[in-house]
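K.L.:
Input structure: run-v7.cif, which contains mmCIF, C-alpha atoms and all ligand atoms.
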data_work
#
loop_
_atom_site.label_atom_id
_atom_site.label_comp_id
_atom_site.auth_asym_id
_atom_site.auth_seq_id
_atom_site.Cartn_x
_atom_site.Cartn_y
_atom_site.Cartn_z
CA MET L 234 -38.87 -75.73 179.24
CA ASN L 235 -35.84 -74.98 181.44
CA ASP L 236 -37.08 -76.10 184.87
CA LYS L 237 -33.55 -76.33 186.27
CA PRO L 238 -33.62 -75.61 189.97
CA ASN L 239 -31.17 -72.97 191.21
CA LYS L 240 -29.53 -75.47 193.47
CA LEU L 241 -29.54 -79.26 193.34
CA ILE L 242 -27.71 -79.45 196.66
CA THR L 243 -28.63 -77.13 199.49
CA ASP L 244 -26.14 -75.29 201.69
CA ASP L 245 -26.50 -77.86 204.43
CA GLY L 246 -25.47 -80.61 202.01
CA LEU L 247 -28.90 -82.10 201.35
CA ARG L 248 -30.15 -82.98 197.89
CA LEU L 249 -33.59 -82.13 196.56
CA ASP L 250 -35.06 -85.41 197.75
CA GLY L 251 -33.48 -84.98 201.17
CA ARG L 252 -30.60 -87.40 200.73
CA ARG L 253 -26.97 -86.80 201.57
CA ALA L 254 -24.32 -87.20 198.87
CA ASP L 255 -23.49 -90.78 199.83
CA GLU L 256 -27.03 -92.10 200.19
CA ILE L 257 -29.01 -94.27 197.81
CA ARG L 258 -32.74 -93.94 197.23
CA PRO L 259 -35.05 -96.28 199.14
CA MET L 260 -35.30 -99.68 197.49
CA LYS L 261 -38.14 -102.17 197.62
CA ILE L 262 -37.90 -105.64 196.10
CA GLU L 263 -40.51 -108.30 195.53
CA ILE L 264 -39.45 -111.68 194.27
CA GLY L 265 -41.36 -114.27 192.25
CA VAL L 266 -44.13 -111.96 191.11
CA LEU L 267 -44.72 -113.60 187.70
CA SER L 268 -46.17 -117.08 187.80
CA ARG L 269 -45.28 -117.95 184.19
CA ALA L 270 -41.65 -116.87 184.44
CA ASP L 271 -38.95 -119.16 185.81
CA GLY L 272 -37.80 -116.27 187.92
CA SER L 273 -39.04 -112.76 188.40
CA CYS L 274 -38.61 -109.59 190.39
CA TYR L 275 -40.40 -106.34 190.88
CA LEU L 276 -38.19 -103.52 192.07
CA GLU L 277 -38.89 -99.97 193.14
CA TRP L 278 -35.93 -97.68 193.59
CA GLY L 279 -36.94 -94.14 194.34
CA ARG L 280 -39.57 -93.44 191.70
CA ASN L 281 -38.26 -96.14 189.33
CA LYS L 282 -40.56 -99.13 188.91
CA ILE L 283 -39.16 -102.14 187.12
CA LEU L 284 -40.39 -105.65 186.36
CA VAL L 285 -38.05 -108.44 185.30
CA GLY L 286 -38.92 -111.93 184.07
CA VAL L 287 -36.31 -114.64 183.51
CA PHE L 288 -36.95 -117.67 181.30
CA GLY L 289 -34.67 -120.64 180.87
CA PRO L 290 -32.38 -122.28 180.43
CA ARG L 291 -34.56 -123.40 177.52
CA GLU L 292 -33.91 -124.56 173.98
CA ALA L 293 -32.60 -121.60 172.00
CA HIS L 294 -34.61 -120.50 168.97
CA PRO L 295 -33.79 -119.82 166.24
CA ARG L 296 -31.31 -122.68 166.28
CA ARG L 297 -28.63 -120.75 164.46
CA LEU L 298 -28.26 -118.72 167.67
CA GLN L 299 -27.41 -121.82 169.69
CA ARG L 300 -23.95 -122.23 171.13
CA ALA L 301 -22.58 -125.75 171.32
CA ASP L 302 -20.52 -125.00 174.44
CA ALA L 303 -22.77 -122.72 176.47
CA ALA L 304 -26.12 -121.11 176.95
CA VAL L 305 -26.88 -117.92 175.06
CA ILE L 306 -27.75 -115.06 177.40
CA ARG L 307 -30.28 -112.62 176.03
CA TYR L 308 -31.19 -109.38 177.79
CA ARG L 309 -33.99 -107.19 176.56
CA TYR L 310 -34.42 -103.78 178.16
CA ASN L 311 -37.74 -102.19 177.22
CA MET L 312 -39.18 -98.94 178.35
CA ALA L 313 -42.95 -98.81 178.51
CA SER L 314 -44.34 -95.87 176.55
CA PHE L 315 -46.06 -94.63 179.74
CA SER L 316 -42.90 -94.91 181.83
CA VAL L 317 -41.72 -91.34 181.20
CA GLU L 318 -43.37 -87.93 181.19
CA ASP L 319 -43.21 -87.55 177.43
CA ARG L 320 -44.55 -90.71 175.86
CA ALA L 321 -41.67 -92.96 174.95
CA ARG L 322 -41.77 -94.41 171.44
CA PRO L 323 -42.63 -98.11 171.66
CA GLY L 324 -40.17 -100.70 170.42
CA PRO L 325 -36.40 -100.93 170.35
CA SER L 326 -34.34 -97.78 170.23
CA ARG L 327 -30.62 -97.09 169.98
CA ARG L 328 -30.68 -96.39 173.71
CA SER L 329 -32.56 -99.58 174.68
CA ILE L 330 -30.31 -101.69 172.42
CA GLU L 331 -27.23 -100.18 174.04
CA ILE L 332 -28.56 -100.71 177.57
CA SER L 333 -29.54 -104.30 176.70
CA LYS L 334 -26.00 -105.01 175.45
CA VAL L 335 -24.10 -103.54 178.39
CA SER L 336 -26.47 -105.13 180.88
CA ARG L 337 -26.06 -108.59 179.29
CA GLU L 338 -22.30 -108.13 179.47
CA ALA L 339 -22.65 -107.20 183.12
CA PHE L 340 -24.06 -110.69 183.79
CA GLU L 341 -21.89 -112.81 181.50
CA PRO L 342 -19.00 -113.10 183.98
CA VAL L 343 -21.24 -114.53 186.71
CA ILE L 344 -23.81 -116.70 184.89
CA MET L 345 -22.45 -120.24 184.51
CA ALA L 346 -23.67 -120.54 180.94
CA GLU L 347 -21.28 -123.40 180.18
CA LEU L 348 -23.56 -125.71 182.15
CA TYR L 349 -26.36 -125.37 179.62
CA PRO L 350 -25.11 -125.67 176.01
CA LYS L 351 -27.56 -125.07 173.16
CA THR L 352 -29.95 -123.29 175.47
CA ALA L 353 -30.99 -119.70 176.01
CA ILE L 354 -31.42 -117.72 179.18
CA ASP L 355 -33.76 -114.82 178.53
CA ILE L 356 -33.97 -111.77 180.75
CA PHE L 357 -36.87 -109.46 179.96
CA VAL L 358 -36.80 -106.03 181.58
CA GLU L 359 -39.85 -103.79 181.53
CA ILE L 360 -39.43 -100.24 182.76
CA LEU L 361 -42.85 -99.30 184.08
CA GLN L 362 -41.81 -95.97 185.52
CA ALA L 363 -38.52 -94.22 184.88
CA ASP L 364 -36.76 -91.70 187.08
CA ALA L 365 -33.08 -91.95 186.13
CA GLY L 366 -30.88 -94.91 186.89
CA THR L 367 -33.18 -97.41 185.19
CA ARG L 368 -30.32 -99.54 183.83
CA THR L 369 -28.75 -99.89 187.25
CA ALA L 370 -32.12 -100.63 188.81
CA ALA L 371 -32.85 -103.19 186.09
CA ILE L 372 -29.52 -104.95 186.72
CA ASN L 373 -30.27 -105.20 190.44
CA ALA L 374 -33.72 -106.60 189.69
CA SER L 375 -32.37 -109.00 187.04
CA SER L 376 -29.86 -110.36 189.51
CA ILE L 377 -32.69 -111.29 191.86
CA ALA L 378 -34.84 -112.72 189.05
CA LEU L 379 -31.94 -114.89 187.83
CA ALA L 380 -31.42 -116.21 191.32
CA ASP L 381 -35.17 -116.79 191.61
CA ALA L 382 -35.03 -118.79 188.38
CA GLY L 383 -32.29 -120.94 189.87
CA ILE L 384 -29.73 -119.96 187.24
CA PRO L 385 -26.30 -120.97 188.56
CA MET L 386 -24.25 -117.83 189.17
CA LYS L 387 -20.91 -117.21 190.77
CA GLY L 388 -22.54 -114.41 192.74
CA LEU L 389 -25.03 -111.60 192.60
CA VAL L 390 -24.48 -108.51 190.48
CA THR L 391 -25.20 -105.14 192.02
CA SER L 392 -25.34 -101.82 190.25
CA CYS L 393 -25.36 -98.18 191.21
CA ALA L 394 -24.39 -94.90 189.59
CA PHE L 395 -22.56 -91.89 190.87
CA GLY L 396 -22.47 -88.48 189.27
CA LYS L 397 -21.49 -84.88 189.61
CA VAL L 398 -24.11 -82.41 190.71
CA ASP L 399 -23.39 -78.77 191.50
CA GLY L 400 -19.71 -79.64 191.45
CA GLN L 401 -20.16 -82.39 194.05
CA ILE L 402 -19.80 -86.14 193.64
CA VAL L 403 -23.05 -87.79 194.69
CA LEU L 404 -24.37 -91.32 194.71
CA ASP L 405 -27.39 -92.64 192.79
CA LEU L 406 -28.68 -89.71 190.73
CA ASN L 407 -32.39 -88.98 190.53
CA LYS L 408 -34.12 -87.53 187.47
CA GLU L 409 -33.34 -83.85 188.16
CA GLU L 410 -29.72 -84.63 189.02
CA ASP L 411 -29.41 -86.77 185.88
CA ASN L 412 -30.96 -84.10 183.68
CA TYR L 413 -29.14 -81.07 185.12
CA GLY L 414 -26.02 -82.59 186.62
CA GLU L 415 -22.56 -82.49 185.05
CA ALA L 416 -21.88 -86.23 184.88
CA ASP L 417 -23.46 -89.66 185.25
CA PHE L 418 -21.31 -92.73 185.88
CA PRO L 419 -23.21 -96.09 186.14
CA VAL L 420 -21.27 -99.05 187.54
CA ALA L 421 -22.11 -102.73 188.08
CA MET L 422 -19.98 -105.16 190.06
CA THR L 423 -20.02 -108.70 191.35
CA GLN L 424 -20.24 -109.31 195.04
CA ASP L 425 -16.48 -109.92 194.95
CA GLY L 426 -15.97 -106.40 193.67
CA GLU L 427 -15.23 -107.25 190.04
CA ILE L 428 -16.49 -104.46 187.77
CA THR L 429 -18.81 -105.79 185.05
CA LEU L 430 -20.29 -102.51 183.78
CA LEU L 431 -18.74 -99.09 183.62
CA GLN L 432 -20.07 -96.17 181.59
CA MET L 433 -19.55 -92.45 181.77
CA ASP L 434 -21.65 -89.59 180.48
CA GLY L 435 -20.13 -86.16 181.14
CA HIS L 436 -16.77 -84.94 182.35
CA LEU L 437 -14.98 -86.11 185.47
CA THR L 438 -11.42 -85.80 186.72
CA PRO L 439 -9.53 -88.90 187.89
CA GLU L 440 -9.87 -87.70 191.49
CA GLU L 441 -13.60 -87.33 191.07
CA ILE L 442 -13.86 -90.81 189.57
CA LYS L 443 -11.85 -92.18 192.47
CA LYS L 444 -14.09 -90.46 194.96
CA GLY L 445 -17.16 -91.60 193.04
CA PHE L 446 -15.94 -95.21 193.12
CA GLU L 447 -15.72 -95.10 196.87
CA LEU L 448 -19.34 -94.00 196.97
CA VAL L 449 -20.39 -96.65 194.46
CA LYS L 450 -18.71 -99.42 196.47
CA LYS L 451 -20.63 -98.30 199.53
CA GLY L 452 -23.88 -98.12 197.56
CA CYS L 453 -23.38 -101.55 195.98
CA LYS L 454 -22.63 -103.05 199.38
CA GLU L 455 -25.92 -101.72 200.72
CA ILE L 456 -27.80 -103.00 197.67
CA LEU L 457 -26.18 -106.43 197.98
CA GLU L 458 -27.40 -106.64 201.56
CA ILE L 459 -30.92 -105.82 200.43
CA GLN L 460 -30.72 -108.45 197.66
CA GLN L 461 -29.39 -111.10 199.99
CA THR L 462 -32.04 -110.32 202.58
CA VAL L 463 -34.80 -110.69 199.99
CA LEU L 464 -33.38 -113.95 198.64
CA ARG L 465 -32.91 -115.40 202.10
CA LYS L 466 -36.46 -114.50 202.98
CA LYS L 467 -37.72 -116.14 199.82
CA PHE L 468 -35.67 -119.31 200.00
CA GLU L 469 -35.41 -119.81 203.73
CA THR L 470 -39.13 -119.65 204.46
CA PRO L 471 -40.23 -122.53 202.18
CA VAL L 472 -37.35 -124.64 203.43
CA GLU L 473 -38.56 -124.29 207.00
CA GLU L 474 -42.13 -125.31 206.19
CA PRO L 475 -41.32 -128.67 204.59
CA GLU L 476 -38.95 -129.31 207.48
CA ALA L 477 -41.75 -128.67 209.93
CA GLU L 478 -44.13 -131.07 208.15
CA PRO L 479 -41.81 -134.07 208.11
CA GLU L 480 -41.01 -133.37 211.76
CA ALA L 481 -44.69 -133.48 212.56
CA LYS L 482 -44.97 -136.71 210.56
CA ILE L 483 -41.99 -138.14 212.33
CA VAL L 484 -43.54 -137.26 215.65
CA ASP L 485 -46.76 -138.93 214.57
CA THR L 486 -44.89 -141.98 213.40
CA GLU L 487 -42.93 -142.08 216.59
CA SER L 488 -46.02 -141.74 218.72
CA GLU L 489 -47.71 -144.43 216.65
CA ALA L 490 -44.64 -146.58 216.99
CA ALA L 491 -44.63 -145.92 220.71
CA GLU L 492 -48.19 -147.16 220.84
CA THR L 493 -47.92 -150.17 218.61
CA GLU L 494 -44.38 -151.27 217.81
CA PRO L 495 -43.05 -151.91 221.29
CA SER L 496 -45.90 -154.25 222.14
CA LEU L 497 -45.30 -156.12 218.88
CA GLU L 498 -41.55 -156.02 218.93
CA TYR L 499 -40.86 -156.57 222.58
CA ALA L 500 -43.74 -158.86 223.52
CA PRO L 501 -41.94 -162.10 222.53
CA GLU L 502 -38.79 -160.97 224.31
CA ALA L 503 -40.76 -160.06 227.38
CA ALA L 504 -42.49 -163.41 227.26
CA ALA L 505 -39.14 -165.18 226.95
CA VAL L 506 -37.79 -163.22 229.90
CA GLU L 507 -40.86 -164.04 231.93
CA GLU L 508 -40.49 -167.73 231.06
CA THR L 509 -36.86 -167.67 232.10
CA ILE L 510 -37.74 -165.99 235.38
CA GLU L 511 -40.50 -168.53 236.01
CA GLU L 512 -38.15 -171.40 235.23
CA ALA L 513 -35.55 -169.99 237.57
CA GLU L 514 -38.15 -169.56 240.29
CA GLU L 515 -39.33 -173.12 239.79
CA LEU L 516 -35.79 -174.43 239.96
CA GLU L 517 -35.18 -172.41 243.09
CA ALA L 518 -38.41 -173.70 244.57
CA GLU L 519 -37.74 -177.39 243.78
CA PRO L 520 -34.92 -177.98 246.27
CA SER L 521 -36.84 -176.35 249.10
CA GLU L 522 -39.82 -178.57 248.32
CA GLU L 523 -37.59 -181.63 248.40
CA VAL L 524 -36.12 -180.49 251.68
CA THR L 525 -39.58 -180.08 253.18
CA GLU L 526 -40.46 -183.52 251.84
CA THR L 527 -37.39 -184.88 253.53
CA VAL L 528 -38.23 -183.36 256.89
CA PRO L 529 -41.24 -185.58 257.66
CA GLU L 530 -39.18 -188.63 256.77
CA ALA L 531 -36.49 -187.57 259.22
CA GLU L 532 -39.11 -187.02 261.88
CA GLU L 533 -40.45 -190.52 261.33
CA LEU L 534 -36.97 -191.91 261.61
CA GLU L 535 -36.39 -190.01 264.81
CA GLU L 536 -39.55 -191.50 266.27
CA ILE L 537 -38.41 -194.96 265.31
CA VAL L 538 -35.08 -194.23 266.96
CA LYS L 539 -36.80 -193.04 270.10
CA GLU L 540 -38.92 -196.17 270.20
CA ALA L 541 -35.80 -198.23 269.85
CA GLU L 542 -34.14 -196.34 272.69
CA VAL L 543 -37.20 -196.97 274.88
CA GLU L 544 -36.95 -200.64 274.08
CA VAL L 545 -33.27 -200.64 275.03
CA VAL L 546 -34.05 -198.91 278.34
CA ASP L 547 -36.52 -201.66 279.12
CA GLY L 548 -33.55 -204.06 279.14
CA GLU L 549 -35.71 -207.08 278.54
CA ALA L 550 -33.73 -208.28 275.63
CA ILE L 551 -30.11 -207.24 275.21
CA GLU L 552 -29.97 -208.81 271.82
CA GLU L 553 -32.97 -206.93 270.79
CA ALA L 554 -31.35 -203.81 272.14
CA ILE L 555 -28.22 -204.56 270.17
CA GLU L 556 -30.28 -205.13 267.09
CA ALA L 557 -32.19 -201.97 267.85
CA GLU L 558 -28.89 -200.14 268.20
CA THR L 559 -27.76 -201.57 264.93
CA GLU L 560 -31.00 -200.56 263.41
CA GLU L 561 -30.66 -197.15 265.01
CA GLU L 562 -27.21 -196.75 263.51
CA ALA L 563 -28.50 -197.85 260.19
CA ILE L 564 -31.43 -195.48 260.47
CA GLU L 565 -29.08 -192.68 261.59
CA ALA L 566 -26.84 -193.39 258.64
CA GLU L 567 -29.83 -193.32 256.37
CA THR L 568 -31.05 -190.10 257.99
CA GLU L 569 -27.63 -188.51 257.57
CA GLU L 570 -27.50 -189.58 253.94
CA GLU L 571 -30.91 -188.15 253.30
CA ALA L 572 -30.03 -184.97 255.15
CA ILE L 573 -26.89 -184.59 253.01
CA GLU L 574 -28.94 -185.22 249.92
CA ALA L 575 -31.47 -182.66 251.04
CA GLU L 576 -28.62 -180.23 251.74
CA ASP L 577 -27.09 -180.81 248.31
CA GLU L 578 -30.42 -180.44 246.59
CA SER L 579 -31.03 -177.16 248.36
CA LYS L 580 -27.78 -175.71 246.93
CA GLY L 581 -29.20 -174.88 243.54
CA PRO L 582 -31.55 -175.58 240.70
CA TRP L 583 -29.72 -178.58 239.34
CA LYS L 584 -30.69 -182.19 238.96
CA VAL L 585 -29.75 -184.31 241.94
CA VAL L 586 -27.99 -187.54 241.04
CA LYS L 587 -27.81 -190.00 243.86
CA ASP L 588 -25.60 -192.49 242.08
CA PRO L 589 -22.53 -190.92 240.47
CA SER L 590 -22.87 -193.49 237.69
CA GLU L 591 -26.23 -191.91 236.81
CA SER L 592 -24.59 -188.57 236.30
CA GLY L 593 -23.11 -189.52 232.92
CA SER L 594 -20.12 -187.78 231.46
CA ARG L 595 -21.07 -184.38 232.94
CA GLY L 596 -20.84 -185.76 236.51
CA GLU L 597 -23.33 -183.27 237.88
CA ASN L 598 -23.06 -182.83 241.62
CA ASP L 599 -20.17 -185.30 241.49
CA GLU L 600 -17.91 -183.57 243.92
P1 LIG N 701 -30.81 -94.44 182.95
O1 LIG N 701 -32.26 -94.59 183.14
O2 LIG N 701 -30.12 -95.75 183.10
O3 LIG N 701 -30.22 -93.40 183.81
P2 LIG N 701 -30.46 -92.66 180.81
O4 LIG N 701 -29.40 -91.88 181.45
O5 LIG N 701 -30.36 -92.85 179.34
O6 LIG N 701 -30.59 -94.08 181.46
O7 LIG N 701 -31.86 -92.02 181.09
C1 LIG N 701 -32.07 -91.20 182.18
C2 LIG N 701 -33.54 -90.98 182.34
O8 LIG N 701 -34.04 -90.23 181.25
C3 LIG N 701 -34.35 -92.21 182.31
O9 LIG N 701 -34.35 -92.89 183.54
C4 LIG N 701 -35.71 -91.68 181.97
O10 LIG N 701 -36.31 -91.17 183.13
C5 LIG N 701 -35.38 -90.58 181.06
N1 LIG N 701 -35.56 -91.03 179.66
C6 LIG N 701 -34.84 -91.90 179.01
N2 LIG N 701 -35.29 -92.08 177.76
C7 LIG N 701 -36.38 -91.29 177.62
C8 LIG N 701 -37.31 -91.04 176.58
N3 LIG N 701 -37.24 -91.65 175.42
N4 LIG N 701 -38.28 -90.16 176.83
C9 LIG N 701 -38.36 -89.54 177.99
N5 LIG N 701 -37.54 -89.73 179.01
C10 LIG N 701 -36.55 -90.59 178.82
#
Represent the structure contained in this file as structure tokens.
P.N.:
Amino acid sequence: MNDKPNKLITDDGLRLDGRRADEIRPMKIEIGVLSRADGSCYLEWGRNKILVGVFGPREAHPRRLQRADAAVIRYRYNMASFSVEDRARPGPSRRSIEISKVSREAFEPVIMAELYPKTAIDIFVEILQADAGTRTAAINASSIALADAGIPMKGLVTSCAFGKVDGQIVLDLNKEEDNYGEADFPVAMTQDGEITLLQMDGHLTPEEIKKGFELVKKGCKEILEIQQTVLRKKFETPVEEPEAEPEAKIVDTESEAAETEPSLEYAPEAAAVEETIEEAEELEAEPSEEVTETVPEAEELEEIVKEAEVEVVDGEAIEEAIEAETEEEAIEAETEEEAIEAEDESKGPWKVVKDPSESGSRGENDE
């Protein structure tokens, strides 16, 4: 049964799956895959296949488990019997209980459980296919599922392991490296770099651990970017759609308003403006009409004056001529008065008052 390859790392520094020492396996994440869970995630990392469902916050049962000051976080790691080459024994094992405990503790610093007293937040992890690093993969998937469920968290948790293979420190061990390597060192951290899980299986020197931590930080940074990308994609897309619909509605409303409201709203104002303009035009027109009315009168008077002049030239009656002159003067005076009145009336659209006493207290045209 000893299938140990001669070399886990080739001379040119490549591992059996073609990765370099500081590279993680390809990761694929799907979010919201379970319709009955509050949040869910399906994650593939190398040959690992993991499904996570998050439920809650919901009333904690049995009640004796409730906490008066915070939500109870429950994490259940389960390996499907078909997930490994040799059939895994169904049900809880010492290993699955240990992984469930350390994984729950990895999330406790970030989940804001104090917001939901007497409730439970359940994280169910199903390992569908295992290929080493299932706990770290499950933590990465759980982080997404918790976010998908809308559980308030101070940040995402990312997890990655480093180990020692053929005397070299490498990142993210696969199954062969885990089985035949010298050490396995899983780590989980918050996006601020706070370590929330740290385990070690094997023997490592402090220098090797230091070197391994540098690799893990790099790996976790890459994983965080993947997680954030997936979450943005999930939560940005639906936000855009509802925004687009209201915009369309607003446009419709606006176009409708453009068709209907202005005619309703502005019609009375327009009518009032039109009335005002008409009134002004009428007032402007009135004086000119009066002036034109005055003109024929003046012409008549001029004719009378001419007739009188003719009579004077005849010289038949000096007295009559004098009277005619007097009349002429009177007529001229009248003509002048009327001309002045016509002039005054033509100045503007106001009421013409011939007798100042008629003007009242306002004294219009009383200059
Ligand atoms: P992790 O999966 O987090 O690395 P372990 O180091 O305990 O956890 O397990 C390493 C790998 O060993 C697992 O990913 C799985 O492929 C395999 N394994 C674990 N338990 C069993 C089991 N009961 N039967 C067969 N293979 C197992």
K.L.:
By how many Å are atom CA of Ala365 of chain L and atom CA of Tyr413 of chain L apart?
P.N.:
11.6 Å
K.L.:
What does the distance between atom CA of Met260 of chain L and atom CA of Ser392 of chain L come to in Å, to one decimal place?
P.N.:
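For atom CA of Met260 of chain L relative to atom CA of Ser392 of chain L, the distance reads 12.5 Å.
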K.L.:
Identify, counting only C-alpha atoms and all ligand atoms, the protein, DNA and RNA residues located within 9 Å of ligand LIG 701 (chain N), and give them as a PyMOL selection string.
P.N.:
chain L and resi 281+312+314+316-322+326+328-329+332+360+362-371+394+406-408+411-412+417+419+434
K.L.:
Hey, can I get the axis-aligned box for segment 418-428 of chain L? All listed atoms, 3 Å padding on each side, centre and edge lengths in Å to one decimal, as lines of an AutoDock Vina configuration file.
P.N.:
center_x = -19.2
center_y = -101.3
center_z = 190.5
size_x = 14.0
size_y = 23.2
size_z = 15.2
K.L.:
Rank L:Ala346, L:Met422, L:Leu361, L:Leu464 by their smallest atom-to-atom distance to Arg280 of chain L, using all atoms listed in the file, and report the top residue only.
P.N.:
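So, comparing all the options, the nearest one is L:Leu361.
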K.L.:
When you look at Ile344 of chain L with a cut-off of 10 Å (counting only C-alpha atoms), what residues show up, excluding the ones that are within fewer than 2 positions of it in the same chain? I need them as a ChimeraX atom specification.
P.N.:
/L:304,306,339-342,346-348,354,376,379-380,384-390
K.L.:
Please return, as a PyMOL selection string, all polymer residues that have at least one atom within 9 Å of the point (-33.0, -109.3, 193.0); use all atoms listed in the file and the file's own coordinate frame.
P.N.:
chain L and resi 262-264+273-276+372-381+389-391+457+459-461+463-464
K.L.:
Separation of atom CA of Pro290 of chain L and atom CA of Lys454 of chain L, in Å?
P.N.:
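These two atoms are separated by 28.7 Å.
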K.L.:
Which residues are near Glu447 of chain L? Cut-off 10 Å, all atoms listed in the file, ignore same chain within fewer than 4 positions. Put them as a count of residues only.
P.N.:
8
K.L.:
Give as a list in words the set of residues within 9 Å of the point (-30.4, -124.9, 176.5), where distances use the file's coordinates and all atoms listed in the file.
P.N.:
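The requested residues, written out, are Gly289, Pro290, Arg291, Glu292, Ala293, Gln299, Arg300, Ala303, Ala304, Val305, Leu348, Tyr349, Pro350, Lys351, Thr352, Ala353 and Ile354 of chain L.
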K.L.:
So, counting only C-alpha atoms, which residue among L:Glu410, L:Glu455, L:Glu415, L:Asp425 is closest to Leu249 of chain L?
P.N.:
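When distances to Leu249 of chain L are compared using only C-alpha atoms, the smallest one comes from L:Glu410.
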K.L.:
When you count only C-alpha atoms, which of these residues is closest to Arg253 of chain L: L:Val403, L:Val398, L:Phe288, L:Asp355?
P.N.:
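Between L:Val403, L:Val398, L:Phe288, L:Asp355, the residue approaching Arg253 of chain L most closely is L:Val403.
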